[in-house]
Amino acid sequence: MSDAVKVGFVPFSTAPRGILVVFCDDALKFGPATRKALGGADNLVKRAAATSQFKGKSGSTLDILAPEGIKIQSLIVIGVGKLSDLKDKDFLKFGGTAAGKLRPGNDTLTVIAELPDGAMKPESAAAIAVGVRLRAYKFDRYKTRKKDGEEEALRADVAIAVDDSTAARKAFAPNAHTVDGVIMARELVNEPPNVLFPVEFARRAAQLRKLGVVVDVLDVKAMTKLGMGALLGVAQGSTRPGRTVILRWNGGKRGDQPVAFIGKGVCFDTGGISIKGAANMEDMKGDMGGAACVVGLMHALAARKAKVNAVGAIGLVENMPDGNAQRPGDIVTSMSGQTIEIINTDAEGRLVLADVLWYVTKKFKPKFMVDLATLTGAIMVALGTEYAGLFSNNDELAERLIKVGLETGERVWRMPLGPEYDKLIDSQFADMKNTGTRNGGSITAAQFLQRFVDNTPWAHLDIAGTAMGAPKTEINQSWGSGYGVRLLERLVAEYYER
Ligand code: MN
Ligand code: ZN
């Protein structure tokens with residue numbers, strides 16, 4: 001499963017084994033340690049590059065099987081392009097590309113972490129290691145019969161050769177916890193819905209107790225007492241009861257306002273009485289991608305003992321059609337006291353989030369809240385699978401999210417909010433209705449959420465296009481992407497730790 005590929009750092013002097021991965025620029029230049037590792041093979045590389053039109057462009061690769069003059073299985077040259085154009089996140093991709101060369105059977109890989117100018121920051125070497133681990137993750141727990149040539153599971157040791165292995169190890173240590181968090185989120189998203197339902201999800205989230213996270217699980221009785229009528233209205237159509245889980249990591253100064261992350265955890269979304277079509281309904285096991293991200297993020301923060309007070313809150317339900325399911329036309333009363341007319345029972349995520357956002361606002365008075373939700377198909381119409389939609393009542397928070405999005409490659413694109421959109425969810429029978437018109441569907445969904453955040457600085461990330469089913473990348477070959485863990489971990493690390 002996840003950790004069949006081990007990554008470590010070794011000094012340049014260690015003899016390379018198995019597959020050797022090296023870097024060159026767009027002039028096909030190598031650094032001194034790389035030339036040494038290549039022995040007499042660098043002329044061979046020049047000839048192979050010429051015949052295969054390899055020009056050292058960033059991310060391009062040249063594969064040479066069993067090169068003469070050096071005791072390795074194969075040599076992979078990865079182009080880094082122009083050194084001045086290199087960004088932090090490029091090193092993640094290089095690691096992913098390197099790990100992509102592993103096959104069952106070739107079980108060792110050595111990366112010479114050196115740029116052609118002879119230098120590489122420990123952080124960049126660490127990013128390569130992160131890329132290796134993110135790429136290597138595979139969800140195959142339920143495959144008991146492998147096809148021909150697939151029988152062997154991928155098991156590999158990856159050695160990253162660096163100038164200063166102590167510094168690289170130190171730079172990698174906190175990142176290793178973030179990778180664990182991403183993998184945890186991917187795992188939760190990939191699990192089938194008969195295995196991962198609200199009570200089981202809550203049980204898995206509660207395992208963060210081992211890291212010192214304080215975990216409170218609110219059952220139906222507790223949520224009823226709190227008046228969470230919006231969330232419970234969704235949950236009532238399933239024989240599996242809903243849960244709200246509150247995770248608290250207190251690594252900051254005592255009494256410091258916490259930062260808060262809220263996730264939509266619809267473990268399966270049939271649409272309810274407003275039932276979805278059959279095509280691709282199986283993908284709705286991933287409708288808990290926001291909650292998965294929050295759990296992965298809280299893991300990352302707690303495991304590296306982040307100096308911050310953080311709250312993670314997830315609303316877990318199953319949206320099913322049933323004799324007891326809520327109907328279009330029902331009016332429910334949310335914990336905030338505001339009433340909601342249900343127009344479409346498939347617009348359930350916002351109902352779940354409404355009560356969890358309100359609960360967090362009132363109970364924790366956070367510095368800010370970020371919610372993540374696979375909320376609308378409309379966001380995919382607008383942005384495809386490259387960017388998550390960002391909606392916010394706070395420019396500073398929005399700008400920070402955009403910046404860390406570019407740094408991590410988990411990008412967000414800001415969408416509008418405003419009174420003209422807000423009035424589209426006014427209802428003739430209640431304080432609001434749970435859907436607007438067909439147009440601007442991701443915006444009216446965000447307007448709905450905004451009615452439950454009071455004046456708390458807040459950002460909503462619509463991750464319907466990025467959390468699952470997005471095209472595979474150099475650093476993700478899994479259906480569930482774990483989107484958002486690296487983004488928010490970076491947000492906290494850069495701006496909110498003392
Ligand atoms: Mn839905
Ligand atoms: Zn949903």
# chains A, B, ... in the order shown; residues from 1 in each chain; ligands from 1
>>> select_by_dssp(residues="range 96-344 of chain A", states="strand (DSSP E or B)", output="PyMOL selection string")
chain A and resi 103+106+108-112+156-162+214-218+243-250+259-269+309-319+331-333+339-341
>>> closest_atom_pairs(of="chain A", to="ligand 1", cutoff="10 Å", atoms="only C-alpha atoms and all ligand atoms", output="tab-separated table")
residue	atom	partner	partner_atom_place_in_ligand_line	distance
A:Val266	CA	ligand 1	1 (Mn)	8.4
A:Phe268	CA	ligand 1	1 (Mn)	9.0
A:Asp269	CA	ligand 1	1 (Mn)	5.6
A:Thr270	CA	ligand 1	1 (Mn)	7.0
A:Gly271	CA	ligand 1	1 (Mn)	4.8
A:Gly272	CA	ligand 1	1 (Mn)	7.9
A:Ser274	CA	ligand 1	1 (Mn)	8.9
A:Ile275	CA	ligand 1	1 (Mn)	8.8
A:Lys276	CA	ligand 1	1 (Mn)	8.2
A:Met284	CA	ligand 1	1 (Mn)	8.4
A:Asp287	CA	ligand 1	1 (Mn)	8.1
A:Asn319	CA	ligand 1	1 (Mn)	7.6
A:Asn344	CA	ligand 1	1 (Mn)	8.7
A:Thr345	CA	ligand 1	1 (Mn)	7.1
A:Asp346	CA	ligand 1	1 (Mn)	3.7
A:Ala347	CA	ligand 1	1 (Mn)	4.7
A:Glu348	CA	ligand 1	1 (Mn)	5.2
A:Gly349	CA	ligand 1	1 (Mn)	6.3
A:Arg350	CA	ligand 1	1 (Mn)	9.0
A:Thr374	CA	ligand 1	1 (Mn)	8.9
A:Leu375	CA	ligand 1	1 (Mn)	7.4
A:Thr376	CA	ligand 1	1 (Mn)	7.7
A:Gly377	CA	ligand 1	1 (Mn)	9.2
>>> residues_around(residues="range 395-409 of chain A", least_positions_apart="4", cutoff="9 Å", atoms="only C-alpha atoms", output="list of chain:residue names")
A:Lys87, A:Asp88, A:Lys89, A:Phe368, A:Leu390, A:Phe391, A:Trp413, A:Arg414, A:Pro457, A:Trp458, A:Ala459, A:Arg486, A:Leu487, A:Leu488, A:Arg490, A:Leu491, A:Glu494, A:Tyr495
>>> residues_around(residues="range 14-25 of chain A", least_positions_apart="4", cutoff="9 Å", atoms="only C-alpha atoms", output="VMD selection string")
chain A and resid 10 29 to 31 34 37 to 38 55 to 58 71 to 83 98 101 to 102 106 to 116 159 161
>>> residues_around(residues="Tyr496 in chain A", least_positions_apart="2", cutoff="12 Å", atoms="only C-alpha atoms", output="list in words")
Gly251, Gly252, Lys253, Asp256, Gln257, Pro258, Val259, Ala260, Leu301, Ala306, Lys307, Val308, Asn309, Ala310, Lys367, Phe368, Leu397, Arg400, Leu488, Glu489, Arg490, Leu491, Val492, Ala493, Glu494 and Arg498 of chain A
>>> residues_around(residues="range 202-208 of chain A", least_positions_apart="4", cutoff="10 Å", atoms="only C-alpha atoms", output="PyMOL selection string")
chain A and resi 184+188+196-198+212-219+242-249+291-292+294-296+298-299+302-303+314-316
>>> residues_around(residues="Leu154 in chain A", least_positions_apart="4", cutoff="7 Å", atoms="only C-alpha atoms", output="ChimeraX atom specification")
/A:4,103-104
>>> atom_distance(atom1="CA of Thr437 in chain A", atom2="CA of Leu424 in chain A")
7.1 Å
>>> closest_residue(among="A:Ala373, A:Val485, A:Thr361, A:Lys36", to="ligand 2", atoms="only C-alpha atoms and all ligand atoms")
A:Ala373
>>> closest_residue(among="A:Phe364, A:Phe429, A:Tyr483, A:Phe54", to="Gly289 in chain A", atoms="only C-alpha atoms")
A:Tyr483
>>> atom_distance(atom1="CA of Ala167 in chain A", atom2="CA of Gly95 in chain A")
18.0 Å
>>> closest_residue(among="A:Val5, A:Ala382, A:Val332, A:Val189", to="Glu282 in chain A", atoms="only C-alpha atoms")
A:Val189
>>> closest_atom_pairs(of="range 345-446 of chain A", to="range 220-225 of chain A", cutoff="12 Å", atoms="only C-alpha atoms", output="JSON lines")
{"residue": "A:Val352", "atom": "CA", "partner": "A:Met223", "partner_atom": "CA", "distance": 11.5}
{"residue": "A:Asp355", "atom": "CA", "partner": "A:Met223", "partner_atom": "CA", "distance": 9.4}
{"residue": "A:Val356", "atom": "CA", "partner": "A:Met223", "partner_atom": "CA", "distance": 10.1}
{"residue": "A:Tyr359", "atom": "CA", "partner": "A:Met223", "partner_atom": "CA", "distance": 10.2}
>>> select_by_dssp(residues="range 228-451 of chain A", states="helix (DSSP H, G or I)", output="PyMOL selection string")
chain A and resi 229-235+281-286+289-303+349-364+378-383+395-408+419-425+441-450
>>> closest_residue(among="A:Asp283, A:Tyr421, A:Ala313, A:Arg411", to="ligand 2", atoms="only C-alpha atoms and all ligand atoms")
A:Asp283
>>> atom_distance(atom1="CA of Ser60 in chain A", atom2="CA of Asp42 in chain A")
17.5 Å
>>> decode(residues="range 420-432 of chain A", atoms="all heavy atoms", output="compact mmCIF listing (two decimals), in the first residue's frame")
# COMPACT_ATOMS: atom_id res chain seq x y z
N GLU A 420 -25.95 40.85 -4.70
CA GLU A 420 -26.78 40.48 -5.87
C GLU A 420 -26.93 38.96 -5.95
O GLU A 420 -27.97 38.44 -6.33
CB GLU A 420 -26.14 40.98 -7.17
CG GLU A 420 -25.85 42.48 -7.21
CD GLU A 420 -24.55 42.88 -6.51
OE1 GLU A 420 -23.87 42.00 -5.95
OE2 GLU A 420 -24.24 44.08 -6.51
N TYR A 421 -25.84 38.24 -5.60
CA TYR A 421 -25.90 36.78 -5.58
C TYR A 421 -26.65 36.29 -4.35
O TYR A 421 -27.37 35.29 -4.39
CB TYR A 421 -24.48 36.19 -5.56
CG TYR A 421 -23.67 36.48 -6.80
CD1 TYR A 421 -22.55 37.31 -6.74
CD2 TYR A 421 -23.99 35.90 -8.02
CE1 TYR A 421 -21.78 37.57 -7.87
CE2 TYR A 421 -23.24 36.16 -9.15
CZ TYR A 421 -22.13 36.99 -9.07
OH TYR A 421 -21.38 37.23 -10.18
N ASP A 422 -26.43 36.98 -3.24
CA ASP A 422 -27.01 36.52 -1.98
C ASP A 422 -28.53 36.47 -2.05
O ASP A 422 -29.16 35.54 -1.54
CB ASP A 422 -26.56 37.45 -0.83
CG ASP A 422 -26.97 36.90 0.51
OD1 ASP A 422 -26.48 35.79 0.86
OD2 ASP A 422 -27.80 37.51 1.20
N LYS A 423 -29.14 37.47 -2.70
CA LYS A 423 -30.61 37.50 -2.70
C LYS A 423 -31.22 36.36 -3.51
O LYS A 423 -32.40 36.05 -3.37
CB LYS A 423 -31.12 38.87 -3.13
CG LYS A 423 -30.91 39.24 -4.59
CD LYS A 423 -31.74 40.51 -4.89
CE LYS A 423 -31.83 40.78 -6.38
NZ LYS A 423 -30.89 41.71 -6.92
N LEU A 424 -30.39 35.70 -4.32
CA LEU A 424 -30.89 34.56 -5.11
C LEU A 424 -31.28 33.36 -4.25
O LEU A 424 -31.94 32.43 -4.72
CB LEU A 424 -29.85 34.12 -6.15
CG LEU A 424 -29.46 35.16 -7.22
CD1 LEU A 424 -28.35 34.63 -8.10
CD2 LEU A 424 -30.68 35.54 -8.07
N ILE A 425 -30.84 33.36 -2.99
CA ILE A 425 -31.23 32.25 -2.12
C ILE A 425 -32.24 32.65 -1.06
O ILE A 425 -32.50 31.92 -0.11
CB ILE A 425 -29.99 31.56 -1.45
CG1 ILE A 425 -29.11 32.58 -0.76
CG2 ILE A 425 -29.20 30.76 -2.49
CD1 ILE A 425 -28.09 31.96 0.18
N ASP A 426 -32.87 33.84 -1.23
CA ASP A 426 -33.99 34.18 -0.36
C ASP A 426 -35.17 33.27 -0.72
O ASP A 426 -35.34 32.89 -1.87
CB ASP A 426 -34.39 35.66 -0.54
CG ASP A 426 -33.36 36.60 0.10
OD1 ASP A 426 -32.63 36.13 1.00
OD2 ASP A 426 -33.29 37.76 -0.31
N SER A 427 -35.95 32.90 0.31
CA SER A 427 -37.06 31.96 0.10
C SER A 427 -38.39 32.63 0.43
O SER A 427 -38.43 33.51 1.29
CB SER A 427 -36.85 30.74 1.01
OG SER A 427 -38.08 30.12 1.33
N GLN A 428 -39.43 32.20 -0.23
CA GLN A 428 -40.74 32.80 0.11
C GLN A 428 -41.34 32.21 1.39
O GLN A 428 -42.26 32.77 1.95
CB GLN A 428 -41.72 32.65 -1.06
CG GLN A 428 -41.97 31.22 -1.50
CD GLN A 428 -43.08 31.11 -2.55
OE1 GLN A 428 -44.04 31.89 -2.55
NE2 GLN A 428 -42.97 30.14 -3.46
N PHE A 429 -40.80 31.09 1.86
CA PHE A 429 -41.37 30.46 3.05
C PHE A 429 -40.46 30.45 4.27
O PHE A 429 -40.92 30.29 5.39
CB PHE A 429 -41.72 28.99 2.74
CG PHE A 429 -42.77 28.84 1.67
CD1 PHE A 429 -42.47 28.29 0.44
CD2 PHE A 429 -44.08 29.28 1.91
CE1 PHE A 429 -43.44 28.15 -0.54
CE2 PHE A 429 -45.07 29.16 0.92
CZ PHE A 429 -44.74 28.60 -0.31
N ALA A 430 -39.16 30.58 4.05
CA ALA A 430 -38.23 30.49 5.18
C ALA A 430 -37.17 31.60 5.04
O ALA A 430 -37.25 32.43 4.14
CB ALA A 430 -37.56 29.11 5.19
N ASP A 431 -36.18 31.60 5.92
CA ASP A 431 -35.15 32.64 5.85
C ASP A 431 -34.32 32.51 4.57
O ASP A 431 -33.78 33.48 4.06
CB ASP A 431 -34.21 32.56 7.06
CG ASP A 431 -34.96 32.84 8.36
OD1 ASP A 431 -35.97 33.57 8.31
OD2 ASP A 431 -34.54 32.33 9.42
N MET A 432 -34.17 31.29 4.09
CA MET A 432 -33.41 31.08 2.85
C MET A 432 -33.80 29.73 2.28
O MET A 432 -34.45 28.92 2.95
CB MET A 432 -31.91 31.14 3.12
CG MET A 432 -31.38 29.96 3.91
SD MET A 432 -29.71 30.25 4.55
CE MET A 432 -30.06 31.10 6.10
